[in-house]
>>> print(open('input.txt').read())   # compact mmCIF, C-alpha atoms
# COMPACT_ATOMS: atom_id res chain seq x y z
CA ASN A 675 -12.04 29.58 3.42
CA ALA A 676 -11.70 25.82 3.56
CA LYS A 677 -8.17 25.73 2.12
CA GLN A 678 -6.85 28.28 4.59
CA PHE A 679 -8.43 26.52 7.56
CA ILE A 680 -7.14 23.05 6.65
CA GLU A 681 -3.63 24.44 6.10
CA PHE A 682 -3.79 26.50 9.31
CA LEU A 683 -4.90 23.61 11.55
CA PRO A 684 -1.57 21.68 11.76
CA THR A 685 0.26 24.94 12.52
CA PHE A 686 -2.21 25.75 15.28
CA TYR A 687 -1.84 22.29 16.78
CA GLU A 688 1.96 22.61 16.74
CA SER A 689 1.66 25.86 18.71
CA VAL A 690 -0.59 24.20 21.30
CA LEU A 691 1.81 21.26 21.63
CA GLU A 692 4.68 23.68 22.20
CA LEU A 693 2.63 25.42 24.89
CA LEU A 694 1.82 22.11 26.59
CA SER A 695 5.48 21.07 26.55
CA LYS A 696 6.57 24.32 28.20
CA GLU A 697 3.72 24.11 30.70
CA ARG A 698 4.69 20.58 31.69
CA ALA A 699 8.33 21.52 32.24
CA GLN A 700 7.36 24.53 34.35
CA SER A 701 4.75 22.58 36.31
CA LYS A 702 7.27 19.88 37.09
CA GLN A 703 9.62 22.45 38.60
CA VAL A 704 6.96 24.32 40.55
CA PHE A 705 4.49 21.60 41.60
CA GLY A 706 6.48 18.40 41.15
CA PRO A 707 6.27 15.57 38.61
CA GLU A 708 3.15 14.02 40.21
CA LEU A 709 0.92 17.05 39.57
CA ALA A 710 2.42 18.23 36.26
CA PRO A 711 0.39 15.91 33.95
CA SER A 712 -2.89 16.93 35.59
CA ILE A 713 -2.05 20.61 35.23
CA VAL A 714 -1.17 20.15 31.55
CA GLY A 715 -4.53 18.42 31.02
CA ARG A 716 -6.40 21.34 32.54
CA VAL A 717 -4.39 23.77 30.40
CA LEU A 718 -5.44 21.80 27.31
CA LEU A 719 -9.08 22.02 28.37
CA GLU A 720 -8.85 25.76 28.88
CA CYS A 721 -7.17 26.22 25.50
CA PHE A 722 -10.09 24.67 23.63
CA LYS A 723 -13.14 25.60 25.71
CA PRO A 724 -13.43 29.14 24.26
CA ILE A 725 -12.87 28.07 20.64
CA ILE A 726 -14.68 24.75 20.28
CA SER A 727 -17.85 26.45 19.02
CA SER A 728 -15.85 28.39 16.43
CA PHE A 729 -14.03 25.19 15.44
CA LYS A 730 -17.38 23.52 14.80
CA SER A 731 -18.48 26.46 12.64
CA ARG A 732 -15.25 26.30 10.66
CA LEU A 733 -15.85 22.62 9.93
CA GLY A 734 -19.36 23.55 8.80
CA ASN A 735 -17.82 25.92 6.27
CA VAL A 736 -15.58 23.12 5.00
CA CYS A 737 -18.53 20.70 4.68
CA PRO A 738 -22.13 21.39 5.79
CA VAL A 739 -23.25 19.18 8.65
CA PRO A 740 -25.34 16.25 7.31
CA GLY A 741 -29.03 16.92 7.77
CA SER A 742 -28.58 20.69 8.04
CA GLY A 743 -30.33 21.22 4.72
CA ILE A 744 -27.35 23.13 3.32
CA SER A 745 -25.95 21.78 0.09
CA GLY A 746 -22.22 21.10 0.11
CA ASN A 747 -19.59 21.28 -2.59
CA SER A 748 -17.82 18.32 -4.05
CA SER A 749 -14.40 17.85 -2.52
CA SER A 750 -12.87 17.64 -5.98
CA GLY A 751 -14.22 21.09 -6.72
CA ASN A 752 -12.21 22.55 -3.84
CA ASP A 753 -8.81 21.05 -4.64
CA GLY A 754 -9.21 18.50 -1.86
CA PHE A 755 -9.88 21.10 0.85
CA GLY A 756 -13.68 21.07 0.89
CA GLY A 757 -16.42 18.54 1.45
CA THR A 758 -15.80 15.29 3.27
CA GLU A 759 -12.23 15.24 2.00
CA GLY A 760 -11.57 18.42 3.97
CA ILE A 761 -13.26 16.96 7.05
CA ALA A 762 -11.06 13.87 6.79
CA ALA A 763 -7.92 16.01 6.50
CA ALA A 764 -8.92 18.05 9.56
CA TYR A 765 -9.74 14.90 11.52
CA GLU A 766 -6.40 13.31 10.66
CA SER A 767 -4.56 16.42 11.88
CA THR A 768 -6.66 16.37 15.06
CA ILE A 769 -5.97 12.71 15.79
CA GLN A 770 -2.24 13.25 15.31
CA PHE A 771 -2.41 16.25 17.64
CA LEU A 772 -4.30 14.30 20.33
CA SER A 773 -1.76 11.49 20.16
CA LEU A 774 1.13 13.90 20.73
CA ALA A 775 -0.80 15.83 23.38
CA TYR A 776 -1.33 12.61 25.29
CA ASP A 777 2.44 12.23 25.61
CA GLN A 778 2.50 15.57 27.46
CA MET A 779 -0.17 14.46 29.92
CA GLU A 780 0.87 10.86 30.51
CA PRO A 781 2.49 10.41 33.95
CA TRP A 782 6.23 9.83 33.89
CA GLU A 783 7.16 6.19 34.08
CA GLY A 784 7.85 5.14 37.63
CA GLN A 785 6.97 8.51 39.11
CA GLY A 786 4.42 6.91 41.45
CA SER A 787 6.71 4.16 42.81
CA SER A 788 7.00 4.34 46.55
CA ASN A 789 7.43 2.14 49.59
CA ASN A 790 4.71 4.10 51.34
CA GLN A 791 1.29 2.52 50.81
CA GLU A 792 -0.50 5.80 51.45
CA ASN A 793 1.62 7.60 48.86
CA ASP A 794 0.96 4.82 46.37
CA HIS A 795 -2.78 5.23 46.92
CA ASP A 796 -2.56 9.01 46.40
CA SER A 797 -0.51 8.50 43.24
CA ALA A 798 -3.05 6.05 41.81
CA SER A 799 -5.88 8.46 42.61
CA ASN A 800 -4.00 11.28 40.87
CA ASP A 801 -3.41 9.07 37.82
CA ASP A 802 -7.16 8.38 37.66
CA ASP A 803 -7.83 12.12 37.77
CA VAL A 804 -5.33 12.66 34.97
CA MET A 805 -6.99 10.03 32.77
CA GLU A 806 -10.42 11.53 33.42
CA THR A 807 -9.10 14.97 32.43
CA ILE A 808 -7.62 13.48 29.26
CA ARG A 809 -10.91 11.79 28.34
CA THR A 810 -12.84 15.00 28.95
CA ALA A 811 -10.42 17.09 26.88
CA PHE A 812 -10.23 14.63 24.00
CA SER A 813 -14.01 14.17 23.85
CA MET A 814 -14.51 17.93 23.72
CA ILE A 815 -11.85 18.52 21.04
CA ALA A 816 -13.18 15.71 18.83
CA SER A 817 -16.88 16.55 19.38
CA PRO A 818 -17.24 18.78 16.26
CA PHE A 819 -16.53 15.72 14.10
CA VAL A 820 -19.29 13.59 15.65
CA PRO A 821 -22.13 14.72 13.29
CA TYR A 822 -19.99 13.75 10.28
CA GLN A 823 -19.06 10.39 11.81
CA ARG A 824 -22.67 9.56 12.57
CA ALA A 825 -23.93 10.43 9.09
CA LEU A 826 -20.89 10.06 6.85
CA ALA A 827 -22.82 8.26 4.12
CA GLU A 828 -25.26 11.17 3.95
CA ALA A 829 -22.40 13.65 3.74
CA GLU A 830 -20.80 11.66 0.91
CA ARG A 831 -24.02 11.15 -1.03
CA ASP A 832 -24.32 14.58 -2.67
CA PRO A 833 -20.73 15.07 -3.96
CA LEU A 834 -20.41 11.45 -5.10
CA GLY A 835 -23.82 11.62 -6.75
CA LYS A 836 -22.85 14.77 -8.67
CA ALA A 837 -19.60 13.17 -9.84
CA ALA A 838 -21.45 10.02 -10.93
CA SER A 839 -24.04 12.08 -12.84
CA MET A 840 -21.32 13.94 -14.74
CA VAL A 841 -19.58 10.69 -15.70
CA ALA A 842 -22.87 9.07 -16.70
CA LYS A 843 -23.66 12.05 -18.93
CA ASP A 844 -20.29 11.67 -20.64
CA VAL A 845 -20.84 7.92 -21.11
CA ARG A 846 -24.26 8.50 -22.67
CA SER A 847 -22.79 11.04 -25.07
CA VAL A 848 -20.58 8.37 -26.64
CA VAL A 849 -22.23 7.62 -29.97
CA GLY A 850 -20.85 6.38 -33.25
CA LEU A 851 -17.48 4.74 -33.69
CA GLN A 852 -15.22 7.74 -34.09
CA ASP A 853 -13.03 7.79 -30.93
CA ALA A 854 -15.91 6.13 -29.03
CA ALA A 855 -13.84 3.26 -27.69
CA ASP A 856 -11.07 5.59 -26.51
CA ARG A 857 -13.57 7.77 -24.66
CA LEU A 858 -15.19 4.79 -23.00
CA GLY A 859 -11.77 3.45 -22.08
CA ASP A 860 -11.03 6.72 -20.26
CA LEU A 861 -14.41 6.79 -18.52
CA ALA A 862 -14.61 3.12 -17.48
CA PRO A 863 -12.22 3.28 -14.47
CA PHE A 864 -13.18 6.82 -13.46
CA MET A 865 -15.38 5.92 -10.46
CA PHE A 866 -12.97 3.55 -8.75
CA PRO A 867 -10.60 6.23 -7.37
CA LEU A 868 -13.63 8.14 -6.06
CA ALA A 869 -14.96 4.99 -4.39
CA ASP A 870 -11.52 4.18 -2.94
CA SER A 871 -11.28 7.69 -1.48
CA ALA A 872 -14.75 7.39 0.04
CA ILE A 873 -13.79 4.07 1.67
CA SER A 874 -10.57 5.60 3.02
CA ARG A 875 -12.50 8.49 4.58
CA PHE A 876 -14.94 5.99 6.07
CA GLU A 877 -12.12 3.99 7.65
CA LEU A 878 -10.44 7.12 9.01
CA LEU A 879 -13.51 8.89 10.36
CA THR A 880 -15.65 6.04 11.65
CA SER A 881 -13.38 2.99 12.10
CA GLY A 882 -16.22 0.78 10.87
CA TYR A 883 -19.23 2.51 12.45
CA ASN A 884 -22.42 2.23 10.36
CA ALA A 885 -20.60 0.29 7.65
CA SER A 886 -23.75 -0.84 5.86
CA ALA A 887 -24.82 2.71 4.92
CA THR A 888 -21.43 3.70 3.48
CA LEU A 889 -20.85 0.41 1.68
CA SER A 890 -24.35 0.54 0.21
CA LEU A 891 -23.64 4.02 -1.14
CA VAL A 892 -20.35 2.89 -2.73
CA ASP A 893 -21.91 -0.30 -4.13
CA ASN A 894 -24.70 1.71 -5.73
CA LEU A 895 -22.15 4.13 -7.17
CA ILE A 896 -20.18 1.33 -8.85
CA ALA A 897 -23.30 -0.60 -9.94
CA THR A 898 -24.84 2.47 -11.60
CA HIS A 899 -21.58 3.22 -13.41
CA ALA A 900 -21.33 -0.39 -14.59
CA SER A 901 -24.88 -0.23 -15.94
CA GLU A 902 -24.14 2.95 -17.89
CA LEU A 903 -21.02 1.39 -19.37
CA ALA A 904 -22.88 -1.80 -20.29
CA ILE A 905 -25.55 0.17 -22.15
CA ALA A 906 -22.96 2.24 -24.03
CA MET A 907 -20.81 -0.78 -24.96
CA GLY A 908 -23.93 -2.73 -25.94
CA SER A 909 -24.95 0.06 -28.27
CA LEU A 910 -21.51 0.14 -29.90
CA SER A 911 -21.41 -3.65 -30.16
CA GLY A 912 -24.79 -3.65 -31.84
CA HIS A 913 -23.64 -1.05 -34.32
CA VAL A 914 -20.58 -3.17 -35.17
CA SER A 915 -22.58 -6.41 -35.40
CA ASN A 916 -25.12 -4.88 -37.78
CA SER A 917 -22.41 -3.73 -40.18
CA LYS A 918 -22.02 -6.01 -43.20
CA GLY A 919 -19.96 -6.29 -46.31
CA ASN A 920 -18.08 -3.18 -47.23
CA GLU A 921 -19.38 -1.41 -44.13
CA PHE A 922 -17.38 -3.70 -41.86
CA ASP A 923 -13.87 -2.25 -42.09
CA GLU A 924 -10.80 -2.02 -39.90
CA GLN A 925 -12.40 0.64 -37.71
CA HIS A 926 -15.23 -1.74 -36.79
CA ALA A 927 -12.79 -4.53 -35.97
CA ASN A 928 -10.67 -2.25 -33.79
CA CYS A 929 -13.76 -0.96 -32.02
CA ALA A 930 -14.97 -4.49 -31.29
CA LEU A 931 -11.57 -5.45 -29.87
CA GLU A 932 -11.42 -2.28 -27.80
CA ILE A 933 -14.85 -2.96 -26.32
CA LEU A 934 -13.63 -6.38 -25.19
CA ARG A 935 -10.50 -4.80 -23.71
CA ILE A 936 -12.53 -2.19 -21.80
CA ALA A 937 -14.87 -4.86 -20.44
CA GLY A 938 -11.92 -6.96 -19.28
CA SER A 939 -10.16 -3.97 -17.74
CA PHE A 940 -13.32 -2.93 -15.87
CA LYS A 941 -13.75 -6.47 -14.55
CA ARG A 942 -10.16 -6.50 -13.27
CA SER A 943 -10.62 -3.09 -11.64
CA LEU A 944 -13.83 -4.27 -10.00
CA LYS A 945 -12.17 -7.42 -8.70
CA SER A 946 -9.24 -5.41 -7.37
CA PHE A 947 -11.62 -2.97 -5.67
CA ASP A 948 -13.57 -5.82 -4.05
CA ASN A 949 -10.35 -7.20 -2.63
>>> encode(input="input.txt", output="structure tokens")
Amino acid sequence: NAKQFIEFLPTFYESVLELLSKERAQSKQVFGPELAPSIVGRVLLECFKPIISSFKSRLGNVCPVPGSGISGNSSSGNDGFGGTEGIAAAYESTIQFLSLAYDQMEPWEGQGSSNNQENDHDSASNDDDVMETIRTAFSMIASPFVPYQRALAEAERDPLGKAASMVAKDVRSVVGLQDAADRLGDLAPFMFPLADSAISRFELLTSGYNASATLSLVDNLIATHASELAIAMGSLSGHVSNSKGNEFDEQHANCALEILRIAGSFKRSLKSFDN
């Protein structure tokens, strides 16, 4: 399942890094330091070629590919291991792995220095081959994440929409004065952590690609929540304002003050989120 795969991935990457380290040391002894990085790069390619299709399928089990027509689960419903949250966790592990793998394929500093112009030319050509191998390997290993990067907003839309609908339902159920202000106070900031998490996944997975789609989704999420809160607080305020004489007691006064506090707190949260 998603939890097992996300927890297994760092362990798998550690095993591959250990293999690459041993392969580099052996290649240095057998073929020399000039050829070792290139050999390690080819080993990395061969490690992932047979499993890249399976890796893509595993990611699809964590979060359905956007546009596939398969409905995904909210990340919060899978303890942070499913949905786009799971994809982000897998991508972060992959990026860390690629960074460490690069160290095993990078030519040793000064290994190509020589007084022989022909040897220098051969060394530069070999370095170019190494970099091309690295690009090929990295592109292949990261390729299963591309569909999510291209359509991240679409992947986020369903789980965030479900969460927003549940919160909106709770907000609409707040009627009367009994504990109403306390319930609204709990619900008012609820969407900001979800929005912050969505922005963090966007920054990690896309580094700014297609920003307008993701930001529009988040803006709509916050705006809809604000509208629901405004309607609920307006209804409570109207109830308090219409109370007269003996009907207007301490409970009404406390409710009115709490509504003002919630509105102020929401405004501060919104301003902090914008910044």
>>> atom_distance(input="input.txt", atom1="CA of Phe812 (chain A)", atom2="CA of Leu772 (chain A)")
7.0 Å
>>> atom_distance(input="input.txt", atom1="CA of Thr898 (chain A)", atom2="CA of Phe876 (chain A)")
20.6 Å
>>> closest_residue(input="input.txt", among="A:Gly706, A:Gly757, A:Pro724, A:Pro863", to="Glu828 (chain A)", atoms="all atoms listed in the file")
A:Gly757
>>> atom_distance(input="input.txt", atom1="CA of Ile808 (chain A)", atom2="CA of Ser727 (chain A)")
19.4 Å
>>> residues_around(input="input.txt", residues="region 820-824 of chain A", least_positions_apart="4", cutoff="10 Å", atoms="all atoms listed in the file", output="PyMOL selection string")
chain A and resi 733-734+737-741+758+761-762+813+816+828-830+875-876+878-881+883-884
>>> closest_residue(input="input.txt", among="A:Ile896, A:Ala869, A:Met840, A:Ala676", to="Gly756 (chain A)", atoms="all atoms listed in the file")
A:Ala676
>>> residues_around(input="input.txt", residues="Gln770 (chain A)", least_positions_apart="2", cutoff="12 Å", atoms="only C-alpha atoms", output="MDAnalysis selection string")
chainID A and resid 683:684 687:688 691 763:768 772:777 812 816
>>> residues_around(input="input.txt", residues="Ala827 (chain A)", least_positions_apart="4", cutoff="7 Å", atoms="all atoms listed in the file", output="JSON, numbers by chain")
{"A": [831, 887, 888, 891]}
>>> closest_residue(input="input.txt", among="A:Ser701, A:Ser731, A:Asn949, A:Ser695", to="Phe819 (chain A)", atoms="only C-alpha atoms")
A:Ser731
>>> closest_residue(input="input.txt", among="A:Glu877, A:Leu889, A:Asp870, A:Arg857", to="Ile933 (chain A)", atoms="all atoms listed in the file")
A:Arg857
>>> build_atoms(input="input.txt", residues="region 769-780 of chain A", atoms="all heavy atoms", output="PDB file, in the coordinates of the input")
ATOM      1  N   ILE A 769      -6.372  13.963  15.161  1.00  0.00           N
ATOM      2  CA  ILE A 769      -5.970  12.710  15.790  1.00  0.00           C
ATOM      3  C   ILE A 769      -4.461  12.691  16.057  1.00  0.00           C
ATOM      4  O   ILE A 769      -3.997  12.250  17.126  1.00  0.00           O
ATOM      5  CB  ILE A 769      -6.365  11.511  14.900  1.00  0.00           C
ATOM      6  CG1 ILE A 769      -7.888  11.362  14.868  1.00  0.00           C
ATOM      7  CG2 ILE A 769      -5.725  10.227  15.399  1.00  0.00           C
ATOM      8  CD1 ILE A 769      -8.503  11.082  16.216  1.00  0.00           C
ATOM      9  N   GLN A 770      -3.684  13.179  15.108  1.00  0.00           N
ATOM     10  CA  GLN A 770      -2.240  13.250  15.310  1.00  0.00           C
ATOM     11  C   GLN A 770      -1.902  14.180  16.469  1.00  0.00           C
ATOM     12  O   GLN A 770      -1.025  13.878  17.299  1.00  0.00           O
ATOM     13  CB  GLN A 770      -1.555  13.728  14.026  1.00  0.00           C
ATOM     14  CG  GLN A 770      -1.625  12.713  12.892  1.00  0.00           C
ATOM     15  CD  GLN A 770      -1.101  13.265  11.575  1.00  0.00           C
ATOM     16  OE1 GLN A 770      -0.852  14.471  11.447  1.00  0.00           O
ATOM     17  NE2 GLN A 770      -0.937  12.405  10.596  1.00  0.00           N
ATOM     18  N   PHE A 771      -2.620  15.295  16.543  1.00  0.00           N
ATOM     19  CA  PHE A 771      -2.410  16.250  17.640  1.00  0.00           C
ATOM     20  C   PHE A 771      -2.743  15.607  18.995  1.00  0.00           C
ATOM     21  O   PHE A 771      -1.978  15.723  19.962  1.00  0.00           O
ATOM     22  CB  PHE A 771      -3.260  17.488  17.427  1.00  0.00           C
ATOM     23  CG  PHE A 771      -3.447  18.319  18.669  1.00  0.00           C
ATOM     24  CD1 PHE A 771      -2.399  19.062  19.188  1.00  0.00           C
ATOM     25  CD2 PHE A 771      -4.677  18.345  19.324  1.00  0.00           C
ATOM     26  CE1 PHE A 771      -2.565  19.821  20.342  1.00  0.00           C
ATOM     27  CE2 PHE A 771      -4.854  19.102  20.467  1.00  0.00           C
ATOM     28  CZ  PHE A 771      -3.792  19.830  20.988  1.00  0.00           C
ATOM     29  N   LEU A 772      -3.883  14.922  19.073  1.00  0.00           N
ATOM     30  CA  LEU A 772      -4.300  14.300  20.330  1.00  0.00           C
ATOM     31  C   LEU A 772      -3.300  13.238  20.780  1.00  0.00           C
ATOM     32  O   LEU A 772      -3.033  13.075  21.978  1.00  0.00           O
ATOM     33  CB  LEU A 772      -5.699  13.708  20.190  1.00  0.00           C
ATOM     34  CG  LEU A 772      -6.837  14.713  19.964  1.00  0.00           C
ATOM     35  CD1 LEU A 772      -8.167  13.986  19.812  1.00  0.00           C
ATOM     36  CD2 LEU A 772      -6.905  15.723  21.095  1.00  0.00           C
ATOM     37  N   SER A 773      -2.749  12.512  19.828  1.00  0.00           N
ATOM     38  CA  SER A 773      -1.760  11.490  20.160  1.00  0.00           C
ATOM     39  C   SER A 773      -0.512  12.114  20.784  1.00  0.00           C
ATOM     40  O   SER A 773       0.017  11.616  21.788  1.00  0.00           O
ATOM     41  CB  SER A 773      -1.380  10.697  18.902  1.00  0.00           C
ATOM     42  OG  SER A 773      -0.362   9.763  19.174  1.00  0.00           O
ATOM     43  N   LEU A 774      -0.048  13.218  20.200  1.00  0.00           N
ATOM     44  CA  LEU A 774       1.130  13.900  20.730  1.00  0.00           C
ATOM     45  C   LEU A 774       0.815  14.631  22.031  1.00  0.00           C
ATOM     46  O   LEU A 774       1.663  14.713  22.935  1.00  0.00           O
ATOM     47  CB  LEU A 774       1.675  14.880  19.689  1.00  0.00           C
ATOM     48  CG  LEU A 774       2.212  14.236  18.401  1.00  0.00           C
ATOM     49  CD1 LEU A 774       2.528  15.291  17.353  1.00  0.00           C
ATOM     50  CD2 LEU A 774       3.454  13.396  18.709  1.00  0.00           C
ATOM     51  N   ALA A 775      -0.405  15.155  22.139  1.00  0.00           N
ATOM     52  CA  ALA A 775      -0.800  15.830  23.380  1.00  0.00           C
ATOM     53  C   ALA A 775      -0.864  14.849  24.534  1.00  0.00           C
ATOM     54  O   ALA A 775      -0.537  15.197  25.676  1.00  0.00           O
ATOM     55  CB  ALA A 775      -2.163  16.515  23.186  1.00  0.00           C
ATOM     56  N   TYR A 776      -1.272  13.628  24.249  1.00  0.00           N
ATOM     57  CA  TYR A 776      -1.330  12.610  25.290  1.00  0.00           C
ATOM     58  C   TYR A 776       0.045  12.370  25.920  1.00  0.00           C
ATOM     59  O   TYR A 776       0.161  12.163  27.135  1.00  0.00           O
ATOM     60  CB  TYR A 776      -1.872  11.292  24.715  1.00  0.00           C
ATOM     61  CG  TYR A 776      -1.927  10.165  25.717  1.00  0.00           C
ATOM     62  CD1 TYR A 776      -2.983  10.058  26.603  1.00  0.00           C
ATOM     63  CD2 TYR A 776      -0.895   9.220  25.783  1.00  0.00           C
ATOM     64  CE1 TYR A 776      -3.034   9.035  27.546  1.00  0.00           C
ATOM     65  CE2 TYR A 776      -0.928   8.196  26.709  1.00  0.00           C
ATOM     66  CZ  TYR A 776      -2.003   8.096  27.590  1.00  0.00           C
ATOM     67  OH  TYR A 776      -2.038   7.103  28.518  1.00  0.00           O
ATOM     68  N   ASP A 777       1.086  12.427  25.090  1.00  0.00           N
ATOM     69  CA  ASP A 777       2.440  12.230  25.610  1.00  0.00           C
ATOM     70  C   ASP A 777       2.793  13.290  26.654  1.00  0.00           C
ATOM     71  O   ASP A 777       3.590  13.031  27.567  1.00  0.00           O
ATOM     72  CB  ASP A 777       3.458  12.288  24.468  1.00  0.00           C
ATOM     73  CG  ASP A 777       3.331  11.118  23.518  1.00  0.00           C
ATOM     74  OD1 ASP A 777       2.763  10.086  23.937  1.00  0.00           O
ATOM     75  OD2 ASP A 777       3.785  11.232  22.363  1.00  0.00           O
ATOM     76  N   GLN A 778       2.221  14.494  26.514  1.00  0.00           N
ATOM     77  CA  GLN A 778       2.500  15.570  27.460  1.00  0.00           C
ATOM     78  C   GLN A 778       1.723  15.418  28.770  1.00  0.00           C
ATOM     79  O   GLN A 778       2.072  16.036  29.774  1.00  0.00           O
ATOM     80  CB  GLN A 778       2.179  16.927  26.826  1.00  0.00           C
ATOM     81  CG  GLN A 778       2.973  17.250  25.586  1.00  0.00           C
ATOM     82  CD  GLN A 778       4.461  17.313  25.862  1.00  0.00           C
ATOM     83  OE1 GLN A 778       4.896  17.634  26.971  1.00  0.00           O
ATOM     84  NE2 GLN A 778       5.269  16.994  24.856  1.00  0.00           N
ATOM     85  N   MET A 779       0.664  14.620  28.727  1.00  0.00           N
ATOM     86  CA  MET A 779      -0.170  14.460  29.920  1.00  0.00           C
ATOM     87  C   MET A 779       0.005  13.112  30.599  1.00  0.00           C
ATOM     88  O   MET A 779      -0.438  12.913  31.732  1.00  0.00           O
ATOM     89  CB  MET A 779      -1.655  14.637  29.539  1.00  0.00           C
ATOM     90  CG  MET A 779      -1.990  16.046  29.101  1.00  0.00           C
ATOM     91  SD  MET A 779      -3.721  16.237  28.645  1.00  0.00           S
ATOM     92  CE  MET A 779      -3.740  15.417  27.050  1.00  0.00           C
ATOM     93  N   GLU A 780       0.663  12.185  29.930  1.00  0.00           N
ATOM     94  CA  GLU A 780       0.870  10.860  30.510  1.00  0.00           C
ATOM     95  C   GLU A 780       1.859  10.966  31.670  1.00  0.00           C
ATOM     96  O   GLU A 780       2.909  11.602  31.544  1.00  0.00           O
ATOM     97  CB  GLU A 780       1.418   9.911  29.448  1.00  0.00           C
ATOM     98  CG  GLU A 780       1.580   8.492  29.934  1.00  0.00           C
ATOM     99  CD  GLU A 780       2.186   7.612  28.857  1.00  0.00           C
ATOM    100  OE1 GLU A 780       2.844   8.157  27.955  1.00  0.00           O
ATOM    101  OE2 GLU A 780       2.003   6.393  28.933  1.00  0.00           O
TER     102      GLU A 780
END
